[in-house]
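First up is the structure itself, then whatever we jot down about it.
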Amino acid sequence: MPDKGILRIIDANFNRCKEGLRVIEDLFRFAAEEESLRKKTRAYRHSLDKLTRSKTLRKALSCRNSIKDPGRKVDDLELQRKNTSDLFYVNFQRVKESLRVMEECFKLVEPAYVSLVKKIRYDTYTLEKKAFIGKAFIRPDR
């Protein structure tokens, strides 16, 4: 069985990625009313569901310990959102980072899924560019 710590990392990042994609999808749907970008986001989110076929992800779920997770506490940075652009930006970062972490961890435990995760990561880079270039969304740090 793979290292329990690696399994917990995969589980946490899979959830983080799916949640971030869902926030982005809803922002495209309701705030931006960008149907084509909403559909792309939804497709990426559903592509990630292929990982649920992974033996590793099923094992990872059994290692989850949400009750004792020190990351449960809300910190001040999480409360600093001013507008939908902030929400887009923060959730794109969340998705990209979690995909990169999963990509690295799957190299150790189930390399067959690395290419899928990497593809979604690069697709997310393109989606982010479409959201912020030529659209009404401005990165909050610019």
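A note on labels: chains of the structure tokens are A, B, ... as shown, every chain counts residues from 1, and ligands are counted from 1 in their shown order.
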Open item on the list: I want to know what sits within 9 Å of A:Leu99, based on only C-alpha atoms, with residues of the same chain fewer than 3 positions away left out; could you give that as a ChimeraX atom specification?
Closed with: /A:13-14,17,94-96,102-104,117-118,120-121
Limited to C-alpha atoms, could you put the picked residues into a file as an mmCIF file, in the first residue's frame?
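Writing done, so here's again.cif:
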data_model
loop_
_atom_site.group_PDB
_atom_site.id
_atom_site.type_symbol
_atom_site.label_atom_id
_atom_site.label_comp_id
_atom_site.auth_asym_id
_atom_site.auth_seq_id
_atom_site.Cartn_x
_atom_site.Cartn_y
_atom_site.Cartn_z
ATOM 1 C CA ASN A 13 -5.903 17.849 -3.514
ATOM 2 C CA PHE A 14 -8.505 15.947 -5.522
ATOM 3 C CA CYS A 17 -9.393 20.800 -7.279
ATOM 4 C CA ARG A 94 -6.276 26.574 -6.054
ATOM 5 C CA VAL A 95 -7.043 24.353 -9.053
ATOM 6 C CA LYS A 96 -3.611 24.713 -10.687
ATOM 7 C CA MET A 102 -1.637 15.343 -7.695
ATOM 8 C CA GLU A 103 0.553 15.041 -10.786
ATOM 9 C CA GLU A 104 3.664 14.692 -8.636
ATOM 10 C CA VAL A 117 -3.823 15.291 -14.543
ATOM 11 C CA LYS A 118 -1.146 17.119 -16.529
ATOM 12 C CA ILE A 120 -6.194 19.124 -17.189
ATOM 13 C CA ARG A 121 -3.552 21.377 -15.603
#
- [ ] Can you pull out every residue within 12 Å of A:Glu19, counting only C-alpha atoms, but drop anything in the same chain fewer than 4 positions away, and send it as a PyMOL selection string?
- [x] chain A and resi 12-15+23-26+41-42+45-46+48+90-92+94-95+98
- [ ] Provide the atom CA of A:Ile9 to atom CA of A:Thr52 distance in Å, to one decimal place.
- [x]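 According to the coordinates, atom CA of A:Ile9 and atom CA of A:Thr52 are separated by 15.0 Å.
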- [ ] May I have the residues within 8 Å of stretch 53-68 of chain A as a list in words, using only C-alpha atoms and disregarding those fewer than 6 positions away in the same chain?
- [x]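 In the requested form, the answer reads Pro2, Lys4, Leu7, Arg8, Ile10, Asp11, Val109, Glu110 and Tyr113 of chain A.
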Any chance you could export the current selection's N, CA and C atoms as a tab-separated table (two decimals), in the first residue's frame?
chain	number	residue	atom	x	y	z
A	2	PRO	N	0.53	2.25	-0.81
A	2	PRO	CA	1.32	3.48	-0.82
A	2	PRO	C	1.31	4.16	0.55
A	4	LYS	N	0.67	6.38	3.57
A	4	LYS	CA	-0.59	6.99	4.00
A	4	LYS	C	-0.57	8.51	3.80
A	7	LEU	N	-1.26	9.32	0.21
A	7	LEU	CA	-2.68	9.09	-0.08
A	7	LEU	C	-3.54	10.25	0.44
A	8	ARG	N	-3.23	10.73	1.62
A	8	ARG	CA	-4.00	11.86	2.18
A	8	ARG	C	-3.77	13.12	1.35
A	10	ILE	N	-3.14	13.20	-1.89
A	10	ILE	CA	-3.92	13.02	-3.12
A	10	ILE	C	-5.40	13.28	-2.85
A	11	ASP	N	-5.92	12.73	-1.78
A	11	ASP	CA	-7.33	12.92	-1.44
A	11	ASP	C	-7.66	14.39	-1.24
A	109	VAL	N	2.70	6.68	-7.11
A	109	VAL	CA	1.78	5.60	-6.75
A	109	VAL	C	0.99	5.00	-7.90
A	110	GLU	N	0.71	5.77	-8.93
A	110	GLU	CA	-0.07	5.25	-10.05
A	110	GLU	C	0.20	6.11	-11.30
A	113	TYR	N	-2.03	7.75	-14.35
A	113	TYR	CA	-2.92	8.90	-14.27
A	113	TYR	C	-2.21	10.25	-14.39
Can you tell me, as a PDB file with N, CA and C atoms, in the first residue's frame, which residues in stretch 30-108 of chain A count as helix (DSSP H, G or I) by DSSP?
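Generated file (selection_34.pdb):
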ATOM      1  N   PHE A  30     -23.115  32.151 -13.517  1.00  0.00           N
ATOM      2  CA  PHE A  30     -24.009  33.148 -12.929  1.00  0.00           C
ATOM      3  C   PHE A  30     -23.455  34.574 -12.935  1.00  0.00           C
ATOM      4  N   ALA A  31     -22.162  34.743 -12.692  1.00  0.00           N
ATOM      5  CA  ALA A  31     -21.599  36.098 -12.615  1.00  0.00           C
ATOM      6  C   ALA A  31     -21.174  36.617 -13.980  1.00  0.00           C
ATOM      7  N   GLU A  35     -21.229  31.046 -21.179  1.00  0.00           N
ATOM      8  CA  GLU A  35     -21.655  29.656 -21.319  1.00  0.00           C
ATOM      9  C   GLU A  35     -20.555  28.754 -21.876  1.00  0.00           C
ATOM     10  N   SER A  36     -19.811  29.215 -22.861  1.00  0.00           N
ATOM     11  CA  SER A  36     -18.789  28.345 -23.454  1.00  0.00           C
ATOM     12  C   SER A  36     -17.674  28.050 -22.450  1.00  0.00           C
ATOM     13  N   LEU A  37     -17.299  29.039 -21.642  1.00  0.00           N
ATOM     14  CA  LEU A  37     -16.264  28.813 -20.634  1.00  0.00           C
ATOM     15  C   LEU A  37     -16.802  27.972 -19.480  1.00  0.00           C
ATOM     16  N   ARG A  38     -18.068  28.124 -19.155  1.00  0.00           N
ATOM     17  CA  ARG A  38     -18.694  27.284 -18.138  1.00  0.00           C
ATOM     18  C   ARG A  38     -18.658  25.828 -18.581  1.00  0.00           C
ATOM     19  N   LYS A  39     -18.989  25.589 -19.853  1.00  0.00           N
ATOM     20  CA  LYS A  39     -18.987  24.214 -20.369  1.00  0.00           C
ATOM     21  C   LYS A  39     -17.587  23.604 -20.349  1.00  0.00           C
ATOM     22  N   LYS A  40     -16.575  24.402 -20.685  1.00  0.00           N
ATOM     23  CA  LYS A  40     -15.200  23.892 -20.643  1.00  0.00           C
ATOM     24  C   LYS A  40     -14.815  23.519 -19.214  1.00  0.00           C
ATOM     25  N   THR A  41     -15.163  24.398 -18.282  1.00  0.00           N
ATOM     26  CA  THR A  41     -14.842  24.135 -16.878  1.00  0.00           C
ATOM     27  C   THR A  41     -15.531  22.870 -16.401  1.00  0.00           C
ATOM     28  N   ARG A  42     -16.774  22.714 -16.764  1.00  0.00           N
ATOM     29  CA  ARG A  42     -17.525  21.513 -16.382  1.00  0.00           C
ATOM     30  C   ARG A  42     -16.876  20.258 -16.972  1.00  0.00           C
ATOM     31  N   ALA A  43     -16.434  20.351 -18.219  1.00  0.00           N
ATOM     32  CA  ALA A  43     -15.776  19.210 -18.863  1.00  0.00           C
ATOM     33  C   ALA A  43     -14.488  18.837 -18.131  1.00  0.00           C
ATOM     34  N   TYR A  44     -13.709  19.830 -17.696  1.00  0.00           N
ATOM     35  CA  TYR A  44     -12.481  19.541 -16.950  1.00  0.00           C
ATOM     36  C   TYR A  44     -12.823  18.887 -15.617  1.00  0.00           C
ATOM     37  N   ARG A  45     -13.853  19.399 -14.967  1.00  0.00           N
ATOM     38  CA  ARG A  45     -14.273  18.832 -13.687  1.00  0.00           C
ATOM     39  C   ARG A  45     -14.698  17.374 -13.861  1.00  0.00           C
ATOM     40  N   HIS A  46     -15.442  17.101 -14.919  1.00  0.00           N
ATOM     41  CA  HIS A  46     -15.871  15.722 -15.160  1.00  0.00           C
ATOM     42  C   HIS A  46     -14.708  14.839 -15.619  1.00  0.00           C
ATOM     43  N   SER A  47     -13.742  15.395 -16.309  1.00  0.00           N
ATOM     44  CA  SER A  47     -12.552  14.620 -16.683  1.00  0.00           C
ATOM     45  C   SER A  47     -11.811  14.136 -15.448  1.00  0.00           C
ATOM     46  N   LEU A  48     -11.804  14.963 -14.425  1.00  0.00           N
ATOM     47  CA  LEU A  48     -11.153  14.584 -13.177  1.00  0.00           C
ATOM     48  C   LEU A  48     -11.820  13.375 -12.539  1.00  0.00           C
ATOM     49  N   ASP A  49     -13.101  13.190 -12.827  1.00  0.00           N
ATOM     50  CA  ASP A  49     -13.816  12.037 -12.267  1.00  0.00           C
ATOM     51  C   ASP A  49     -13.217  10.711 -12.719  1.00  0.00           C
ATOM     52  N   LYS A  50     -12.449  10.721 -13.803  1.00  0.00           N
ATOM     53  CA  LYS A  50     -11.777   9.490 -14.240  1.00  0.00           C
ATOM     54  C   LYS A  50     -10.817   8.993 -13.168  1.00  0.00           C
ATOM     55  N   LEU A  51     -10.335   9.911 -12.338  1.00  0.00           N
ATOM     56  CA  LEU A  51      -9.435   9.507 -11.260  1.00  0.00           C
ATOM     57  C   LEU A  51     -10.136   8.647 -10.218  1.00  0.00           C
ATOM     58  N   THR A  52     -11.453   8.749 -10.142  1.00  0.00           N
ATOM     59  CA  THR A  52     -12.166   7.940  -9.149  1.00  0.00           C
ATOM     60  C   THR A  52     -12.093   6.450  -9.487  1.00  0.00           C
ATOM     61  N   ARG A  53     -11.684   6.134 -10.709  1.00  0.00           N
ATOM     62  CA  ARG A  53     -11.456   4.725 -11.083  1.00  0.00           C
ATOM     63  C   ARG A  53     -10.122   4.224 -10.549  1.00  0.00           C
ATOM     64  N   LYS A  55      -7.259   3.002  -8.227  1.00  0.00           N
ATOM     65  CA  LYS A  55      -7.175   2.269  -6.959  1.00  0.00           C
ATOM     66  C   LYS A  55      -6.621   3.180  -5.867  1.00  0.00           C
ATOM     67  N   THR A  56      -5.704   4.035  -6.255  1.00  0.00           N
ATOM     68  CA  THR A  56      -5.068   4.943  -5.300  1.00  0.00           C
ATOM     69  C   THR A  56      -6.086   5.890  -4.675  1.00  0.00           C
ATOM     70  N   LEU A  57      -6.959   6.459  -5.494  1.00  0.00           N
ATOM     71  CA  LEU A  57      -7.930   7.413  -4.969  1.00  0.00           C
ATOM     72  C   LEU A  57      -8.915   6.734  -4.021  1.00  0.00           C
ATOM     73  N   ARG A  58      -9.278   5.500  -4.326  1.00  0.00           N
ATOM     74  CA  ARG A  58     -10.168   4.767  -3.413  1.00  0.00           C
ATOM     75  C   ARG A  58      -9.478   4.482  -2.081  1.00  0.00           C
ATOM     76  N   LYS A  59      -8.191   4.138  -2.149  1.00  0.00           N
ATOM     77  CA  LYS A  59      -7.432   3.921  -0.914  1.00  0.00           C
ATOM     78  C   LYS A  59      -7.272   5.237  -0.157  1.00  0.00           C
ATOM     79  N   ALA A  60      -7.074   6.318  -0.907  1.00  0.00           N
ATOM     80  CA  ALA A  60      -6.874   7.628  -0.289  1.00  0.00           C
ATOM     81  C   ALA A  60      -8.090   8.039   0.537  1.00  0.00           C
ATOM     82  N   LEU A  61      -9.260   7.749   0.027  1.00  0.00           N
ATOM     83  CA  LEU A  61     -10.485   8.090   0.756  1.00  0.00           C
ATOM     84  C   LEU A  61     -10.508   7.422   2.127  1.00  0.00           C
ATOM     85  N   SER A  62     -10.038   6.195   2.192  1.00  0.00           N
ATOM     86  CA  SER A  62     -10.032   5.485   3.476  1.00  0.00           C
ATOM     87  C   SER A  62      -9.029   6.085   4.465  1.00  0.00           C
ATOM     88  N   CYS A  63      -8.074   6.860   3.982  1.00  0.00           N
ATOM     89  CA  CYS A  63      -7.075   7.490   4.856  1.00  0.00           C
ATOM     90  C   CYS A  63      -7.483   8.897   5.298  1.00  0.00           C
ATOM     91  N   SER A  66     -10.652  14.130   8.218  1.00  0.00           N
ATOM     92  CA  SER A  66     -11.114  15.520   8.199  1.00  0.00           C
ATOM     93  C   SER A  66     -11.224  16.127   9.594  1.00  0.00           C
ATOM     94  N   ILE A  67     -11.566  15.314  10.566  1.00  0.00           N
ATOM     95  CA  ILE A  67     -11.757  15.814  11.934  1.00  0.00           C
ATOM     96  C   ILE A  67     -10.466  16.415  12.491  1.00  0.00           C
ATOM     97  N   LYS A  68      -9.344  15.758  12.244  1.00  0.00           N
ATOM     98  CA  LYS A  68      -8.069  16.207  12.807  1.00  0.00           C
ATOM     99  C   LYS A  68      -7.244  17.053  11.830  1.00  0.00           C
ATOM    100  N   PRO A  70      -5.485  19.939  10.334  1.00  0.00           N
ATOM    101  CA  PRO A  70      -5.173  21.279  10.824  1.00  0.00           C
ATOM    102  C   PRO A  70      -5.549  22.387   9.831  1.00  0.00           C
ATOM    103  N   GLY A  71      -5.850  22.021   8.599  1.00  0.00           N
ATOM    104  CA  GLY A  71      -6.238  23.003   7.586  1.00  0.00           C
ATOM    105  C   GLY A  71      -7.708  23.396   7.641  1.00  0.00           C
ATOM    106  N   ARG A  72      -8.432  22.876   8.592  1.00  0.00           N
ATOM    107  CA  ARG A  72      -9.874  23.169   8.722  1.00  0.00           C
ATOM    108  C   ARG A  72     -10.148  24.598   9.143  1.00  0.00           C
ATOM    109  N   ASP A  76      -7.339  34.496   8.079  1.00  0.00           N
ATOM    110  CA  ASP A  76      -7.694  35.837   7.607  1.00  0.00           C
ATOM    111  C   ASP A  76      -7.565  35.981   6.089  1.00  0.00           C
ATOM    112  N   LEU A  77      -6.594  35.301   5.487  1.00  0.00           N
ATOM    113  CA  LEU A  77      -6.422  35.401   4.029  1.00  0.00           C
ATOM    114  C   LEU A  77      -7.640  34.884   3.274  1.00  0.00           C
ATOM    115  N   GLU A  78      -8.269  33.860   3.805  1.00  0.00           N
ATOM    116  CA  GLU A  78      -9.450  33.302   3.149  1.00  0.00           C
ATOM    117  C   GLU A  78     -10.625  34.259   3.149  1.00  0.00           C
ATOM    118  N   LEU A  79     -10.618  35.203   4.050  1.00  0.00           N
ATOM    119  CA  LEU A  79     -11.731  36.139   4.161  1.00  0.00           C
ATOM    120  C   LEU A  79     -11.514  37.408   3.337  1.00  0.00           C
ATOM    121  N   THR A  84     -15.861  39.336  -7.718  1.00  0.00           N
ATOM    122  CA  THR A  84     -15.815  38.078  -8.479  1.00  0.00           C
ATOM    123  C   THR A  84     -14.453  37.843  -9.102  1.00  0.00           C
ATOM    124  N   SER A  85     -13.740  38.898  -9.456  1.00  0.00           N
ATOM    125  CA  SER A  85     -12.387  38.720  -9.991  1.00  0.00           C
ATOM    126  C   SER A  85     -11.488  38.048  -8.965  1.00  0.00           C
ATOM    127  N   ASP A  86     -11.604  38.462  -7.703  1.00  0.00           N
ATOM    128  CA  ASP A  86     -10.846  37.811  -6.633  1.00  0.00           C
ATOM    129  C   ASP A  86     -11.208  36.330  -6.550  1.00  0.00           C
ATOM    130  N   LEU A  87     -12.497  36.035  -6.630  1.00  0.00           N
ATOM    131  CA  LEU A  87     -12.932  34.634  -6.545  1.00  0.00           C
ATOM    132  C   LEU A  87     -12.395  33.816  -7.709  1.00  0.00           C
ATOM    133  N   PHE A  88     -12.470  34.385  -8.920  1.00  0.00           N
ATOM    134  CA  PHE A  88     -11.894  33.692 -10.077  1.00  0.00           C
ATOM    135  C   PHE A  88     -10.407  33.435  -9.848  1.00  0.00           C
ATOM    136  N   TYR A  89      -9.677  34.479  -9.504  1.00  0.00           N
ATOM    137  CA  TYR A  89      -8.229  34.378  -9.363  1.00  0.00           C
ATOM    138  C   TYR A  89      -7.843  33.325  -8.321  1.00  0.00           C
ATOM    139  N   VAL A  90      -8.404  33.424  -7.135  1.00  0.00           N
ATOM    140  CA  VAL A  90      -8.047  32.519  -6.041  1.00  0.00           C
ATOM    141  C   VAL A  90      -8.391  31.073  -6.399  1.00  0.00           C
ATOM    142  N   ASN A  91      -9.518  30.862  -7.021  1.00  0.00           N
ATOM    143  CA  ASN A  91      -9.898  29.489  -7.354  1.00  0.00           C
ATOM    144  C   ASN A  91      -9.095  28.926  -8.513  1.00  0.00           C
ATOM    145  N   PHE A  92      -8.694  29.757  -9.460  1.00  0.00           N
ATOM    146  CA  PHE A  92      -7.779  29.260 -10.496  1.00  0.00           C
ATOM    147  C   PHE A  92      -6.452  28.836  -9.873  1.00  0.00           C
ATOM    148  N   GLN A  93      -5.946  29.615  -8.923  1.00  0.00           N
ATOM    149  CA  GLN A  93      -4.693  29.241  -8.263  1.00  0.00           C
ATOM    150  C   GLN A  93      -4.867  27.925  -7.506  1.00  0.00           C
ATOM    151  N   ARG A  94      -5.974  27.792  -6.815  1.00  0.00           N
ATOM    152  CA  ARG A  94      -6.276  26.574  -6.054  1.00  0.00           C
ATOM    153  C   ARG A  94      -6.289  25.346  -6.979  1.00  0.00           C
ATOM    154  N   VAL A  95      -6.934  25.475  -8.116  1.00  0.00           N
ATOM    155  CA  VAL A  95      -7.043  24.353  -9.053  1.00  0.00           C
ATOM    156  C   VAL A  95      -5.670  23.996  -9.619  1.00  0.00           C
ATOM    157  N   LYS A  96      -4.924  24.986 -10.084  1.00  0.00           N
ATOM    158  CA  LYS A  96      -3.611  24.713 -10.687  1.00  0.00           C
ATOM    159  C   LYS A  96      -2.654  24.076  -9.690  1.00  0.00           C
ATOM    160  N   GLU A  97      -2.633  24.610  -8.483  1.00  0.00           N
ATOM    161  CA  GLU A  97      -1.732  24.055  -7.469  1.00  0.00           C
ATOM    162  C   GLU A  97      -2.110  22.623  -7.104  1.00  0.00           C
ATOM    163  N   SER A  98      -3.384  22.375  -6.943  1.00  0.00           N
ATOM    164  CA  SER A  98      -3.800  21.018  -6.557  1.00  0.00           C
ATOM    165  C   SER A  98      -3.528  20.017  -7.678  1.00  0.00           C
ATOM    166  N   LEU A  99      -3.696  20.446  -8.917  1.00  0.00           N
ATOM    167  CA  LEU A  99      -3.383  19.556 -10.038  1.00  0.00           C
ATOM    168  C   LEU A  99      -1.896  19.213 -10.065  1.00  0.00           C
ATOM    169  N   ARG A 100      -1.061  20.212  -9.809  1.00  0.00           N
ATOM    170  CA  ARG A 100       0.385  19.954  -9.811  1.00  0.00           C
ATOM    171  C   ARG A 100       0.769  18.985  -8.692  1.00  0.00           C
ATOM    172  N   VAL A 101       0.181  19.155  -7.533  1.00  0.00           N
ATOM    173  CA  VAL A 101       0.471  18.252  -6.417  1.00  0.00           C
ATOM    174  C   VAL A 101       0.031  16.829  -6.763  1.00  0.00           C
ATOM    175  N   MET A 102      -1.165  16.689  -7.321  1.00  0.00           N
ATOM    176  CA  MET A 102      -1.637  15.343  -7.695  1.00  0.00           C
ATOM    177  C   MET A 102      -0.734  14.731  -8.762  1.00  0.00           C
ATOM    178  N   GLU A 103      -0.329  15.539  -9.725  1.00  0.00           N
ATOM    179  CA  GLU A 103       0.553  15.041 -10.786  1.00  0.00           C
ATOM    180  C   GLU A 103       1.829  14.455 -10.184  1.00  0.00           C
ATOM    181  N   GLU A 104       2.434  15.173  -9.263  1.00  0.00           N
ATOM    182  CA  GLU A 104       3.664  14.692  -8.636  1.00  0.00           C
ATOM    183  C   GLU A 104       3.418  13.433  -7.807  1.00  0.00           C
ATOM    184  N   CYS A 105       2.352  13.406  -7.029  1.00  0.00           N
ATOM    185  CA  CYS A 105       2.072  12.243  -6.173  1.00  0.00           C
ATOM    186  C   CYS A 105       1.720  11.006  -6.986  1.00  0.00           C
ATOM    187  N   PHE A 106       0.965  11.177  -8.064  1.00  0.00           N
ATOM    188  CA  PHE A 106       0.627  10.016  -8.895  1.00  0.00           C
ATOM    189  C   PHE A 106       1.869   9.406  -9.544  1.00  0.00           C
ATOM    190  N   LYS A 107       2.918  10.180  -9.729  1.00  0.00           N
ATOM    191  CA  LYS A 107       4.174   9.629 -10.250  1.00  0.00           C
ATOM    192  C   LYS A 107       4.711   8.549  -9.321  1.00  0.00           C
ATOM    193  N   LEU A 108       4.432   8.688  -8.035  1.00  0.00           N
ATOM    194  CA  LEU A 108       4.906   7.717  -7.044  1.00  0.00           C
ATOM    195  C   LEU A 108       4.012   6.497  -6.917  1.00  0.00           C
TER     196      LEU A 108
END
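Here atom CA of A:Lys82 and atom CA of A:Tyr122 stand 27.4 Å from one another.
Note that atom CA of A:Arg29 and atom CA of A:Tyr125 are 19.0 Å apart.
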